[in-house]
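Okay, entry.cif is below, mmCIF, C-alpha atoms:
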data_final
#
loop_
_atom_site.group_PDB
_atom_site.id
_atom_site.type_symbol
_atom_site.label_atom_id
_atom_site.label_comp_id
_atom_site.auth_asym_id
_atom_site.auth_seq_id
_atom_site.Cartn_x
_atom_site.Cartn_y
_atom_site.Cartn_z
ATOM 1 C CA ASP A 1 0.000 0.000 0.000
ATOM 2 C CA LYS A 2 3.090 2.248 -0.400
ATOM 3 C CA ASP A 3 3.197 3.344 3.236
ATOM 4 C CA GLY A 4 6.878 2.412 3.599
ATOM 5 C CA THR A 5 6.191 -0.750 5.579
ATOM 6 C CA PRO A 6 6.494 -4.164 3.886
ATOM 7 C CA ASP A 7 3.133 -5.834 3.287
ATOM 8 C CA ALA A 8 2.804 -9.362 4.711
ATOM 9 C CA PRO A 9 6.524 -9.861 5.413
ATOM 10 C CA PRO A 10 7.901 -13.396 5.842
ATOM 11 C CA THR A 11 8.860 -14.609 9.319
ATOM 12 C CA LEU A 12 11.014 -17.259 10.958
ATOM 13 C CA THR A 13 10.016 -18.323 14.456
ATOM 14 C CA THR A 14 10.789 -21.312 16.657
ATOM 15 C CA ALA A 15 8.257 -23.505 18.422
ATOM 16 C CA ARG A 16 8.302 -27.076 19.698
ATOM 17 C CA GLY A 17 11.888 -27.496 18.557
ATOM 18 C CA LEU A 18 11.172 -26.506 14.955
ATOM 19 C CA ALA A 19 12.033 -23.483 12.839
ATOM 20 C CA HIS A 20 8.782 -22.201 11.300
ATOM 21 C CA MET A 21 9.375 -20.452 7.978
ATOM 22 C CA ASP A 22 6.223 -18.602 6.939
ATOM 23 C CA GLU A 23 5.845 -16.547 3.786
ATOM 24 C CA PRO A 24 2.306 -15.198 3.381
ATOM 25 C CA SER A 25 3.018 -13.266 0.173
ATOM 26 C CA HIS A 26 4.876 -14.229 -3.004
ATOM 27 C CA HIS A 27 6.439 -10.743 -2.970
ATOM 28 C CA GLY A 28 8.557 -11.841 -0.003
ATOM 29 C CA GLY A 29 11.463 -14.265 0.218
ATOM 30 C CA ILE A 30 12.863 -16.111 3.205
ATOM 31 C CA LEU A 31 15.872 -18.369 3.562
ATOM 32 C CA VAL A 32 18.434 -19.694 5.985
ATOM 33 C CA ARG A 33 22.068 -19.307 4.947
ATOM 34 C CA SER A 34 25.577 -19.805 6.243
ATOM 35 C CA THR A 35 27.136 -16.584 7.549
ATOM 36 C CA ARG A 36 30.676 -17.811 6.913
ATOM 37 C CA ALA A 37 32.170 -19.673 3.970
ATOM 38 C CA LEU A 38 32.020 -23.444 4.238
ATOM 39 C CA PRO A 39 35.229 -25.466 4.745
ATOM 40 C CA SER A 40 37.125 -27.107 1.901
ATOM 41 C CA GLU A 41 35.334 -30.396 2.641
ATOM 42 C CA TYR A 42 32.007 -30.734 4.418
ATOM 43 C CA ARG A 43 28.567 -32.269 4.678
ATOM 44 C CA VAL A 44 25.623 -29.930 5.274
ATOM 45 C CA GLU A 45 22.120 -31.275 5.862
ATOM 46 C CA MET A 46 18.643 -30.190 6.864
ATOM 47 C CA THR A 47 15.611 -32.120 8.095
ATOM 48 C CA LEU A 48 12.188 -31.134 6.758
ATOM 49 C CA ARG A 49 9.079 -31.773 8.884
ATOM 50 C CA GLY A 50 6.521 -29.556 7.164
ATOM 51 C CA LEU A 51 6.027 -28.226 3.638
ATOM 52 C CA ASP A 52 3.277 -26.116 2.097
ATOM 53 C CA PHE A 53 4.739 -24.438 -0.979
ATOM 54 C CA GLY A 54 2.373 -25.821 -3.582
ATOM 55 C CA GLY A 55 2.075 -29.124 -5.385
ATOM 56 C CA GLN A 56 -1.002 -31.287 -5.436
ATOM 57 C CA ARG A 57 -2.834 -32.158 -2.237
ATOM 58 C CA ASN A 58 -5.130 -35.186 -2.298
ATOM 59 C CA GLY A 59 -4.772 -35.318 -6.063
ATOM 60 C CA SER A 60 -5.742 -31.697 -6.761
ATOM 61 C CA TRP A 61 -3.924 -28.434 -7.479
ATOM 62 C CA ASP A 62 -6.966 -26.536 -6.149
ATOM 63 C CA TYR A 63 -7.251 -26.903 -2.371
ATOM 64 C CA PRO A 64 -10.514 -27.116 -0.383
ATOM 65 C CA ASP A 65 -9.631 -23.886 1.483
ATOM 66 C CA GLY A 66 -9.562 -21.964 -1.808
ATOM 67 C CA ARG A 67 -5.815 -21.849 -2.274
ATOM 68 C CA ILE A 68 -4.395 -22.533 -5.728
ATOM 69 C CA ASN A 69 -1.105 -24.452 -5.841
ATOM 70 C CA GLY A 70 -0.419 -23.161 -2.329
ATOM 71 C CA TYR A 71 -1.211 -19.481 -3.087
ATOM 72 C CA SER A 72 -3.927 -17.635 -1.196
ATOM 73 C CA PRO A 73 -6.999 -16.738 -3.275
ATOM 74 C CA GLU A 74 -7.166 -13.066 -2.245
ATOM 75 C CA GLY A 75 -6.366 -10.391 -4.822
ATOM 76 C CA CYS A 76 -4.239 -10.659 -7.928
ATOM 77 C CA LYS A 77 -0.829 -12.324 -7.646
ATOM 78 C CA THR A 78 1.538 -11.584 -10.510
ATOM 79 C CA ASN A 79 5.281 -11.386 -11.124
ATOM 80 C CA PHE A 80 5.142 -7.550 -11.131
ATOM 81 C CA PRO A 81 7.554 -5.735 -11.154
ATOM 82 C CA TRP A 82 10.191 -8.453 -11.673
ATOM 83 C CA ALA A 83 10.560 -9.397 -15.304
ATOM 84 C CA SER A 84 13.320 -9.688 -17.859
ATOM 85 C CA GLY A 85 11.849 -6.958 -20.037
ATOM 86 C CA GLY A 86 8.701 -5.510 -21.550
ATOM 87 C CA ASP A 87 6.296 -2.713 -20.741
ATOM 88 C CA PHE A 88 6.812 -1.765 -17.089
ATOM 89 C CA SER A 89 3.998 0.786 -17.208
ATOM 90 C CA ARG A 90 1.365 -1.957 -17.205
ATOM 91 C CA PRO A 91 -0.848 -2.247 -14.084
ATOM 92 C CA GLU A 92 0.260 -4.886 -11.596
ATOM 93 C CA CYS A 93 -2.718 -7.151 -12.166
ATOM 94 C CA SER A 94 -2.070 -7.356 -15.928
ATOM 95 C CA TRP A 95 1.264 -9.136 -15.440
ATOM 96 C CA ALA A 96 1.685 -12.935 -15.491
ATOM 97 C CA ASP A 97 -0.390 -14.782 -12.873
ATOM 98 C CA VAL A 98 1.943 -16.729 -10.550
ATOM 99 C CA ARG A 99 -0.852 -18.887 -9.129
ATOM 100 C CA THR A 100 -1.264 -20.707 -12.424
ATOM 101 C CA ASP A 101 2.466 -20.707 -13.140
ATOM 102 C CA SER A 102 4.524 -22.231 -10.333
ATOM 103 C CA ASN A 103 5.271 -22.502 -6.645
ATOM 104 C CA GLY A 104 8.294 -24.084 -4.996
ATOM 105 C CA PHE A 105 10.985 -24.304 -2.340
ATOM 106 C CA TYR A 106 14.750 -24.841 -2.131
ATOM 107 C CA TYR A 107 15.515 -27.829 0.079
ATOM 108 C CA LEU A 108 19.252 -27.161 -0.026
ATOM 109 C CA GLY A 109 21.671 -25.419 -2.360
ATOM 110 C CA ILE A 110 25.290 -24.300 -2.571
ATOM 111 C CA MET A 111 25.796 -20.764 -3.863
ATOM 112 C CA ASP A 112 28.896 -19.020 -5.244
ATOM 113 C CA TYR A 113 28.508 -15.686 -3.393
ATOM 114 C CA ALA A 114 28.693 -14.741 0.250
ATOM 115 C CA ARG A 115 25.581 -12.839 1.289
ATOM 116 C CA VAL A 116 22.857 -15.108 -0.020
ATOM 117 C CA ALA A 117 19.564 -13.204 0.036
ATOM 118 C CA PRO A 118 16.265 -13.160 -1.884
ATOM 119 C CA HIS A 119 16.174 -11.467 -5.292
ATOM 120 C CA ASN A 120 14.140 -12.207 -8.414
ATOM 121 C CA ASN A 121 14.336 -15.709 -9.877
ATOM 122 C CA ASN A 122 16.782 -14.687 -12.634
ATOM 123 C CA PHE A 123 19.421 -13.780 -10.051
ATOM 124 C CA ILE A 124 19.787 -17.144 -8.373
ATOM 125 C CA HIS A 125 20.064 -19.003 -11.676
ATOM 126 C CA VAL A 126 23.590 -17.679 -12.271
ATOM 127 C CA HIS A 127 24.806 -18.240 -8.699
ATOM 128 C CA ARG A 128 24.004 -21.905 -8.047
ATOM 129 C CA LYS A 129 26.701 -24.568 -7.959
ATOM 130 C CA VAL A 130 24.410 -27.443 -6.983
ATOM 131 C CA ALA A 131 20.859 -27.384 -5.664
ATOM 132 C CA MET A 132 17.842 -29.478 -4.729
ATOM 133 C CA ASP A 133 14.583 -27.619 -5.193
ATOM 134 C CA SER A 134 10.948 -27.986 -6.154
ATOM 135 C CA TYR A 135 9.314 -26.378 -9.173
ATOM 136 C CA ASN A 136 5.620 -27.094 -8.834
ATOM 137 C CA ARG A 137 3.967 -26.156 -12.149
ATOM 138 C CA TYR A 138 0.212 -25.748 -11.955
ATOM 139 C CA LYS A 139 -1.565 -28.355 -14.141
ATOM 140 C CA TYR A 140 1.471 -28.423 -16.438
ATOM 141 C CA THR A 141 1.193 -30.732 -19.465
ATOM 142 C CA GLY A 142 4.160 -29.555 -21.534
ATOM 143 C CA SER A 143 7.468 -31.276 -22.277
ATOM 144 C CA GLY A 144 9.764 -29.039 -20.210
ATOM 145 C CA LEU A 145 9.457 -31.128 -17.031
ATOM 146 C CA ARG A 146 9.494 -34.869 -16.374
ATOM 147 C CA TYR A 147 9.750 -37.378 -13.547
ATOM 148 C CA CYS A 148 12.153 -40.240 -13.108
ATOM 149 C CA ASN A 149 10.300 -43.196 -11.631
ATOM 150 C CA PRO A 150 12.995 -44.742 -9.402
ATOM 151 C CA ALA A 151 11.150 -48.074 -9.302
ATOM 152 C CA THR A 152 11.021 -48.606 -13.073
ATOM 153 C CA LYS A 153 14.053 -46.410 -13.851
ATOM 154 C CA GLN A 154 12.046 -44.838 -16.666
ATOM 155 C CA TYR A 155 11.229 -41.194 -17.366
ATOM 156 C CA GLU A 156 7.565 -40.257 -17.145
ATOM 157 C CA PRO A 157 5.687 -37.077 -18.171
ATOM 158 C CA TYR A 158 5.144 -34.445 -15.514
ATOM 159 C CA PRO A 159 1.385 -35.143 -15.070
ATOM 160 C CA SER A 160 2.251 -38.674 -13.886
ATOM 161 C CA GLY A 161 3.519 -37.210 -10.593
ATOM 162 C CA THR A 162 1.879 -35.118 -7.897
ATOM 163 C CA GLY A 163 3.743 -31.848 -8.445
ATOM 164 C CA ASN A 164 5.885 -32.509 -5.364
ATOM 165 C CA GLY A 165 9.086 -33.500 -7.119
ATOM 166 C CA VAL A 166 12.668 -32.781 -6.057
ATOM 167 C CA ASN A 167 14.952 -31.466 -8.783
ATOM 168 C CA ALA A 168 18.603 -32.193 -7.949
ATOM 169 C CA ILE A 169 20.766 -30.255 -10.395
ATOM 170 C CA PHE A 170 24.480 -29.782 -10.935
ATOM 171 C CA MET A 171 25.048 -26.496 -12.769
ATOM 172 C CA THR A 172 27.535 -26.262 -15.634
ATOM 173 C CA ASP A 173 29.034 -23.319 -17.520
ATOM 174 C CA ASP A 174 26.791 -23.418 -20.598
ATOM 175 C CA ARG A 175 23.710 -21.237 -21.053
ATOM 176 C CA ARG A 176 20.317 -22.792 -20.533
ATOM 177 C CA TYR A 177 18.901 -19.282 -20.723
ATOM 178 C CA ALA A 178 20.229 -17.011 -23.425
ATOM 179 C CA THR A 179 21.371 -14.177 -21.146
ATOM 180 C CA GLN A 180 22.557 -16.281 -18.209
ATOM 181 C CA PRO A 181 25.931 -18.076 -18.162
ATOM 182 C CA GLY A 182 26.342 -21.010 -15.813
ATOM 183 C CA THR A 183 22.709 -22.062 -16.046
ATOM 184 C CA GLU A 184 22.634 -25.379 -17.901
ATOM 185 C CA TYR A 185 21.526 -28.418 -15.910
ATOM 186 C CA LEU A 186 23.329 -31.716 -15.380
ATOM 187 C CA MET A 187 20.782 -34.101 -13.850
ATOM 188 C CA HIS A 188 21.655 -37.495 -12.377
ATOM 189 C CA SER A 189 18.811 -39.850 -11.483
ATOM 190 C CA GLU A 190 17.921 -43.535 -11.360
ATOM 191 C CA CYS A 191 16.961 -43.093 -15.023
ATOM 192 C CA GLY A 192 20.462 -42.014 -16.096
ATOM 193 C CA VAL A 193 22.270 -38.718 -16.656
ATOM 194 C CA ALA A 194 20.729 -35.896 -18.664
ATOM 195 C CA LYS A 195 22.151 -32.559 -19.771
ATOM 196 C CA GLY A 196 19.660 -29.858 -20.606
ATOM 197 C CA GLY A 197 16.241 -30.568 -22.020
ATOM 198 C CA ALA A 198 13.327 -31.306 -19.723
ATOM 199 C CA ILE A 199 13.990 -30.682 -16.030
ATOM 200 C CA VAL A 200 14.143 -34.012 -14.185
ATOM 201 C CA SER A 201 12.516 -34.641 -10.804
ATOM 202 C CA GLN A 202 14.452 -37.502 -9.228
ATOM 203 C CA VAL A 203 11.800 -38.336 -6.620
ATOM 204 C CA ASP A 204 8.236 -37.376 -5.697
ATOM 205 C CA LEU A 205 7.629 -36.328 -2.078
ATOM 206 C CA LYS A 206 4.557 -37.239 -0.030
ATOM 207 C CA PRO A 207 3.896 -34.061 2.017
ATOM 208 C CA GLU A 208 0.823 -35.567 3.662
ATOM 209 C CA LEU A 209 3.161 -37.777 5.731
ATOM 210 C CA LEU A 210 4.743 -34.766 7.439
ATOM 211 C CA PRO A 211 5.447 -34.172 10.322
ATOM 212 C CA GLU A 212 5.209 -37.778 11.526
ATOM 213 C CA GLU A 213 7.697 -38.721 8.829
ATOM 214 C CA SER A 214 10.508 -36.433 7.743
ATOM 215 C CA TYR A 215 12.815 -35.796 4.798
ATOM 216 C CA ARG A 216 16.531 -35.219 5.046
ATOM 217 C CA PHE A 217 18.473 -33.360 2.377
ATOM 218 C CA ALA A 218 22.263 -33.226 2.348
ATOM 219 C CA ILE A 219 25.094 -31.938 0.164
ATOM 220 C CA GLU A 220 28.690 -33.074 0.511
ATOM 221 C CA ARG A 221 31.870 -31.645 -0.949
ATOM 222 C CA ARG A 222 34.917 -33.918 -0.751
ATOM 223 C CA ASP A 223 37.464 -35.770 -2.884
ATOM 224 C CA GLY A 224 37.017 -33.329 -5.774
ATOM 225 C CA ALA A 225 33.273 -33.875 -6.127
ATOM 226 C CA TYR A 226 29.840 -32.791 -4.950
ATOM 227 C CA THR A 227 27.219 -35.274 -3.739
ATOM 228 C CA MET A 228 23.519 -34.564 -3.318
ATOM 229 C CA GLU A 229 21.497 -36.856 -1.067
ATOM 230 C CA MET A 230 17.794 -37.140 -0.234
ATOM 231 C CA SER A 231 16.164 -39.538 2.239
ATOM 232 C CA GLY A 232 12.554 -40.197 3.185
ATOM 233 C CA VAL A 233 9.364 -41.871 2.028
ATOM 234 C CA PHE A 234 8.968 -41.309 -1.706
ATOM 235 C CA ALA A 235 6.291 -42.258 -4.217
ATOM 236 C CA HIS A 236 6.789 -45.649 -5.934
ATOM 237 C CA VAL A 237 9.589 -46.837 -3.629
ATOM 238 C CA GLY A 238 8.696 -45.972 -0.016
ATOM 239 C CA GLN A 239 11.534 -45.312 2.446
ATOM 240 C CA ALA A 240 14.761 -44.802 0.515
ATOM 241 C CA THR A 241 17.961 -42.805 0.213
ATOM 242 C CA PHE A 242 19.278 -41.536 -3.120
ATOM 243 C CA ARG A 243 22.805 -40.142 -3.622
ATOM 244 C CA TYR A 244 24.200 -38.572 -6.773
ATOM 245 C CA THR A 245 27.889 -37.661 -7.077
ATOM 246 C CA ARG A 246 29.628 -35.657 -9.768
ATOM 247 C CA ALA A 247 33.284 -34.598 -9.993
ATOM 248 C CA PHE A 248 34.150 -30.905 -10.267
ATOM 249 C CA VAL A 249 35.069 -31.616 -13.907
ATOM 250 C CA GLN A 250 33.567 -34.776 -15.407
ATOM 251 C CA ASP A 251 33.311 -35.755 -19.070
ATOM 252 C CA GLY A 252 34.576 -32.298 -19.967
ATOM 253 C CA GLU A 253 31.739 -30.576 -18.073
ATOM 254 C CA PRO A 254 32.595 -28.395 -15.045
ATOM 255 C CA ILE A 255 30.348 -27.685 -12.098
ATOM 256 C CA TRP A 256 29.820 -23.929 -12.286
ATOM 257 C CA HIS A 257 32.299 -21.921 -10.178
ATOM 258 C CA TYR A 258 33.390 -25.023 -8.233
ATOM 259 C CA ASN A 259 36.723 -23.492 -7.174
ATOM 260 C CA GLN A 260 36.746 -22.178 -3.631
ATOM 261 C CA LYS A 261 40.354 -21.026 -4.063
ATOM 262 C CA PRO A 262 42.308 -19.692 -7.081
ATOM 263 C CA GLU A 263 44.701 -22.652 -7.105
ATOM 264 C CA GLU A 264 41.825 -25.099 -7.661
ATOM 265 C CA TYR A 265 41.160 -23.821 -11.198
ATOM 266 C CA ASP A 266 43.286 -22.895 -14.234
ATOM 267 C CA GLY A 267 40.899 -20.658 -16.187
ATOM 268 C CA ARG A 268 40.019 -23.182 -18.908
ATOM 269 C CA PHE A 269 36.294 -22.402 -18.792
ATOM 270 C CA ASN A 270 36.607 -18.634 -18.879
ATOM 271 C CA ALA A 271 34.470 -16.785 -21.426
ATOM 272 C CA ASP A 272 33.133 -13.415 -22.488
ATOM 273 C CA TRP A 273 29.354 -13.135 -22.672
ATOM 274 C CA THR A 274 27.569 -10.627 -24.897
ATOM 275 C CA TRP A 275 24.347 -9.083 -23.671
ATOM 276 C CA THR A 276 22.043 -7.300 -26.129
ATOM 277 C CA GLY A 277 18.911 -5.247 -25.634
ATOM 278 C CA ALA A 278 16.931 -2.285 -26.892
ATOM 279 C CA GLY A 279 19.737 0.053 -25.882
ATOM 280 C CA GLY A 280 22.468 -1.907 -27.629
ATOM 281 C CA GLY A 281 24.939 -4.475 -26.356
ATOM 282 C CA ILE A 282 27.575 -4.916 -23.674
ATOM 283 C CA VAL A 283 30.263 -7.555 -23.262
ATOM 284 C CA ASP A 284 30.664 -9.100 -19.816
ATOM 285 C CA ARG A 285 34.301 -10.172 -19.856
ATOM 286 C CA ASP A 286 35.896 -12.954 -17.850
ATOM 287 C CA THR A 287 32.925 -14.735 -16.331
ATOM 288 C CA TRP A 288 35.262 -17.390 -14.857
ATOM 289 C CA PRO A 289 38.901 -16.277 -15.117
ATOM 290 C CA ALA A 290 42.029 -17.867 -13.767
ATOM 291 C CA GLY A 291 42.777 -16.492 -10.321
ATOM 292 C CA SER A 292 39.087 -16.359 -9.365
ATOM 293 C CA ALA A 293 37.637 -17.879 -6.206
ATOM 294 C CA TYR A 294 34.059 -18.721 -5.222
ATOM 295 C CA PRO A 295 33.745 -19.915 -1.592
ATOM 296 C CA ASP A 296 30.740 -22.157 -0.911
ATOM 297 C CA HIS A 297 27.706 -20.943 1.055
ATOM 298 C CA PHE A 298 24.609 -23.043 1.713
ATOM 299 C CA MET A 299 21.013 -21.921 1.799
ATOM 300 C CA PHE A 300 17.487 -23.336 1.992
ATOM 301 C CA GLY A 301 14.098 -21.645 1.752
ATOM 302 C CA ASP A 302 12.609 -19.354 -0.889
ATOM 303 C CA PRO A 303 15.113 -17.049 -2.649
ATOM 304 C CA HIS A 304 12.521 -15.442 -4.956
ATOM 305 C CA MET A 305 10.622 -12.169 -4.567
ATOM 306 C CA ASN A 306 8.474 -12.660 -7.651
ATOM 307 C CA PHE A 307 7.272 -16.242 -7.168
ATOM 308 C CA TYR A 308 6.585 -18.787 -4.399
ATOM 309 C CA GLU A 309 4.429 -18.513 -1.293
ATOM 310 C CA GLY A 310 3.809 -20.824 1.630
ATOM 311 C CA SER A 311 5.376 -22.266 4.771
ATOM 312 C CA ALA A 312 7.875 -24.902 5.875
ATOM 313 C CA ARG A 313 9.001 -26.520 9.124
ATOM 314 C CA VAL A 314 12.650 -27.392 9.591
ATOM 315 C CA ASP A 315 13.837 -29.627 12.420
ATOM 316 C CA ASP A 316 17.595 -29.079 12.255
ATOM 317 C CA ALA A 317 20.453 -27.914 10.084
ATOM 318 C CA ARG A 318 23.850 -29.488 10.609
ATOM 319 C CA LEU A 319 27.341 -28.939 9.256
ATOM 320 C CA TYR A 320 29.987 -31.650 9.417
ATOM 321 C CA GLY A 321 33.673 -31.257 8.598
ATOM 322 C CA PRO A 322 36.735 -33.492 8.510
ATOM 323 C CA ALA A 323 37.837 -34.950 11.829
ATOM 324 C CA PRO A 324 40.730 -33.019 13.434
ATOM 325 C CA ALA A 325 44.153 -34.487 12.803
ATOM 326 C CA LYS A 326 45.430 -36.582 15.735
#
Any chance you could put this one into structure tokens?
Amino acid sequence: DKDGTPDAPPTLTTARGLAHMDEPSHHGGILVRSTRALPSEYRVEMTLRGLDFGGQRNGSWDYPDGRINGYSPEGCKTNFPWASGGDFSRPECSWADVRTDSNGFYYLGIMDYARVAPHNNNFIHVHRKVAMDSYNRYKYTGSGLRYCNPATKQYEPYPSGTGNGVNAIFMTDDRRYATQPGTEYLMHSECGVAKGGAIVSQVDLKPELLPEESYRFAIERRDGAYTMEMSGVFAHVGQATFRYTRAFVQDGEPIWHYNQKPEEYDGRFNADWTWTGAGGGIVDRDTWPAGSAYPDHFMFGDPHMNFYEGSARVDDARLYGPAPAK
């Protein structure tokens, strides 16, 4: 309402041993992050005991309480004013409706910059090294998303799942999006390894089991590789743990900005990227030069201020490092 006070700001409170992350408006973002850079080798994990950031409930995207894919039904909800271009003079309610687009949550991710904080969704795309998130597309029937059924080890179309998938992605230096370096996806699953193309959900969560059951998400960095791990009760397979490991450079593909220190990288994937627009073009030089360093920082929550709305309950977050030398 332009009175200088944020409308419906997100909150993090603690009760009954849980961190309650509540985000009543998609214009807010809330996340938990590391305040210091992570060590050279580590395991970071979080335990999830509640999740309400969209996806189907009881087989429907439209909830009995009137919410749509986790969004409240009151008022218009659009991606205004965050967009990659276009006519910014349009009224807020004429912009793209987020309710019928997507909702989601980051279960755990490793970023390449220090002060991880919510921005628009374009921003985080170029700063992820590895991440496990959800991208819950409302009644989506296209070919840009698919599930891996871990029981049959076969890919299935997105409508075969419940919209509660986990997308575990290793980022590489290519462009998935034309103006964003470091945004192509390398996706390991029980169905194989895919680069680019349809986004793969490795597993399908069962949120109705929370909080009695829980899900644990973990990321490890050691021995020149990242590992993403997810444990819990999943569709098709029940209680299970899935781990996917990829070396910093594997089959000629690097994990984006993997080097925490300059000596870990020789500059071989450096590039200049050309940006063009209505006002002309600009060249962004040295997107990954020799001598660069990108310390790891973890985060979980919602890093977007133009999409996503809901709540989550987190039981713990733990960081493990190598045992001290004797």
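With all atoms listed in the file as the atoms that count, the minimum distance from A:Asn149 to the choices A:Ile282, A:Leu205, A:Val237, A:Ala83 is reached by A:Val237.
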- Could you tell me which residues the PyMOL selection byres ((chain A and resi 53) around 8) returns for this structure, as an MDAnalysis selection string? chainID A and resid 51:52 54:55 69:70 103:105 308:312
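Using all atoms listed in the file, the nearest neighbour of A:Met46 within the list A:Arg222, A:Ala131, A:Phe217, A:Ala271 is A:Phe217.
Taking atom CA of A:Ala15 as the reference point, atom CA of A:Arg313 is found at 9.8 Å.
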- Task: Tell me which protein, DNA and RNA residues are within 9 Å of stretch 263-269 of chain A, counting all atoms listed in the file, leaving out same-chain ones fewer than 3 positions away, and put them as a PyMOL selection string.
- Result: chain A and resi 173+254+258-260+287-293
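The residue that comes closest to A:Glu208, out of A:Gly28, A:Pro9, A:Gly50, A:Pro303 and on the basis of only C-alpha atoms, is A:Gly50.
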